[in-house]
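Take a look at the structure set out below.
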Amino acid sequence: MSAYLAENILYFGRVLRSAGMALSTERILMATEAVVAVGVGSPEDLRHSLRCTLTSSPDQQELFEQAFSAFWRDPDLLGKAMQMLLPKVEVATPTPQEDRRRLAEALAPPTAPRGAEDDRDQPPQTIEATLSFSSRELLQKADFESLSGAEWRAVTQLVARLTPQLALARTRRHQACAHRGQIHMRHVARRAMRTGGEVLQLPRRVPRERPMKVVALVDISGSMTSYSRMFLHFLHALTRADPRTQTLVFGTRLSYLTPALRERDADDALRRAVRTVEDWNGGTRIATSLERFNKHHAARLLGARTLVLLVTDGLERDDAALLGREASRLARRCRRLVWLNPLLRYAGFEAKASGIRALLPHVHQHLPVHNLQSLMRLCDQYTSGMYISAGTGRR
């Protein structure tokens, strides 16, 4: 294979990555090796070789086909590829044309905004998180899967500005309080003994409050790519606010990401995370991952004041019975198990998949996690103003 074709495969991978598809360097190298092994006797040979190595889930197929048709029809000139693609993108049609918009932005060079003068001396446009109220409201409601490149960067900046402070847990211990709470009868008796039986004051007590530690288990399989990437940005902000936060990710295996997310810069943290994880954007084995967590990490990370955030769509390929047993073990070993599911963005969502049915009876709460608004609601619900009562029973 010529170096010219190898360079085009490399650039094609960069185009897919810029369009929103999470691609590692290893996958692009794998695609190059596949083309060498299969050969390029016809365009279909090249298409199938690249599709088998660069895509990992059915939802990526449409974006790949559009990119392949636009790029490989004439890979010599980027401008011709843009001309073939942009007319399709400008048609005002509802989703799923969002993939085309991201692909167009990946192929197109930077352009001046509409209404701006063609002046090269003007300062470059930058994405600021200080948006207008209407723009911010639209971004809060936009699905992570449908964000363009510029919108993605704006949302990550908004997530970085969040200062999540998750729930306080009321312990079984108490502390003195002057004006509220239960009467502390032991202290009343002790003080009465000093005054000859006269009760001059009524000491009170309230339960002690301790902040909960957050342990996140994040699904990074192909179907969860956009949602897991954005949630890791959220976990980076949470780790900055509370260093006790623990993060693990799983696809076909379980990986510990807490050291990576302690990096000061979010982009550096995500790059280190990608280097750490070997099964990014691949398959998923939820049951075996939870089993490994319960055996090797739960005793060290979980406790009576631990909030576990399970981020997955619940589409399990393993044994559903094993998934149910491991989810039950996990729920018993923490204060609260919250399942964050991007599939709840659909109004007609039904628990039909076996993995979803196996998980539901064991979680304390089932919430959506598909846009910025859902992350803000999570913070609002589990803020320092909300208390989790003693004990581990679901409510």
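Ligands are numbered from 1 in the order shown, chains are lettered A, B, ... in the order of the structure tokens, and residues start at 1 in each chain.
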Please tabulate, as CSV, the residues of region 8-62 of chain A that come within 7 Å of region 221-239 of chain A, each with its closest pair of atoms and the distance in Å to one decimal, counting only C-alpha atoms and ordering rows by chain, then residue number upward.
```
residue,atom,partner,partner_atom,distance
A:Ala22,CA,A:Thr225,CA,6.8
A:Ser56,CA,A:Gly222,CA,5.7
A:Ser57,CA,A:Gly222,CA,5.4
```
Requested in this report: Pick out the residues sitting within 12 Å of Ser374 (chain A), and hand them over as an NGL selection string; count only C-alpha atoms, and ignore anything fewer than 6 positions along from it in its own chain.
Outcome: :A and (139-144 or 159 or 227 or 230-231 or 234 or 340-342 or 344-345 or 366-368 or 380-381)
Save the residues we just selected, C-alpha atoms, as a tab-separated table (two decimals), in the first residue's frame?
```tsv
chain	number	residue	atom	x	y	z
A	139	LEU	CA	-27.67	23.83	24.86
A	140	GLN	CA	-29.08	22.59	28.16
A	141	LYS	CA	-31.81	20.68	26.31
A	142	ALA	CA	-29.68	19.40	23.40
A	143	ASP	CA	-28.94	15.67	23.36
A	144	PHE	CA	-25.22	14.94	23.72
A	159	VAL	CA	-20.01	21.40	32.69
A	227	TYR	CA	-22.86	10.14	26.95
A	230	MET	CA	-19.60	14.01	28.61
A	231	PHE	CA	-20.26	12.35	31.96
A	234	PHE	CA	-18.89	16.00	34.82
A	340	LEU	CA	-28.32	7.02	35.03
A	341	ASN	CA	-29.69	5.80	31.71
A	342	PRO	CA	-29.56	7.79	28.43
A	344	LEU	CA	-34.81	7.52	29.29
A	345	ARG	CA	-34.61	10.42	26.82
A	366	HIS	CA	-33.57	5.50	37.67
A	367	LEU	CA	-32.75	8.87	36.04
A	368	PRO	CA	-31.91	10.14	32.53
A	380	ASP	CA	-30.15	19.77	42.22
A	381	GLN	CA	-31.59	16.53	43.53
```
Query - Contact residues around region 197-203 of chain A with only C-alpha atoms at 8 Å, ignoring same-chain residues under 4 positions, as an MDAnalysis selection string - result: chainID A and resid 176:178 183:185 187:188 191:193
Report task. Give me the residues within 9 Å of Arg244 (chain A) as number ranges by chain, counting only C-alpha atoms and dropping any in the same chain fewer than 5 places off. Result -> A: 213-215, 239
Requested in this report: For region 251-262 of chain A, work out the shell of residues within 9 Å, counting only C-alpha atoms and skipping chain neighbours fewer than 5 positions away, then give it as an NGL selection string.
Outcome: :A and (218-222 or 232-233 or 235-237 or 239-240 or 243 or 245-246 or 268-273 or 276-286 or 288-290 or 292-293)
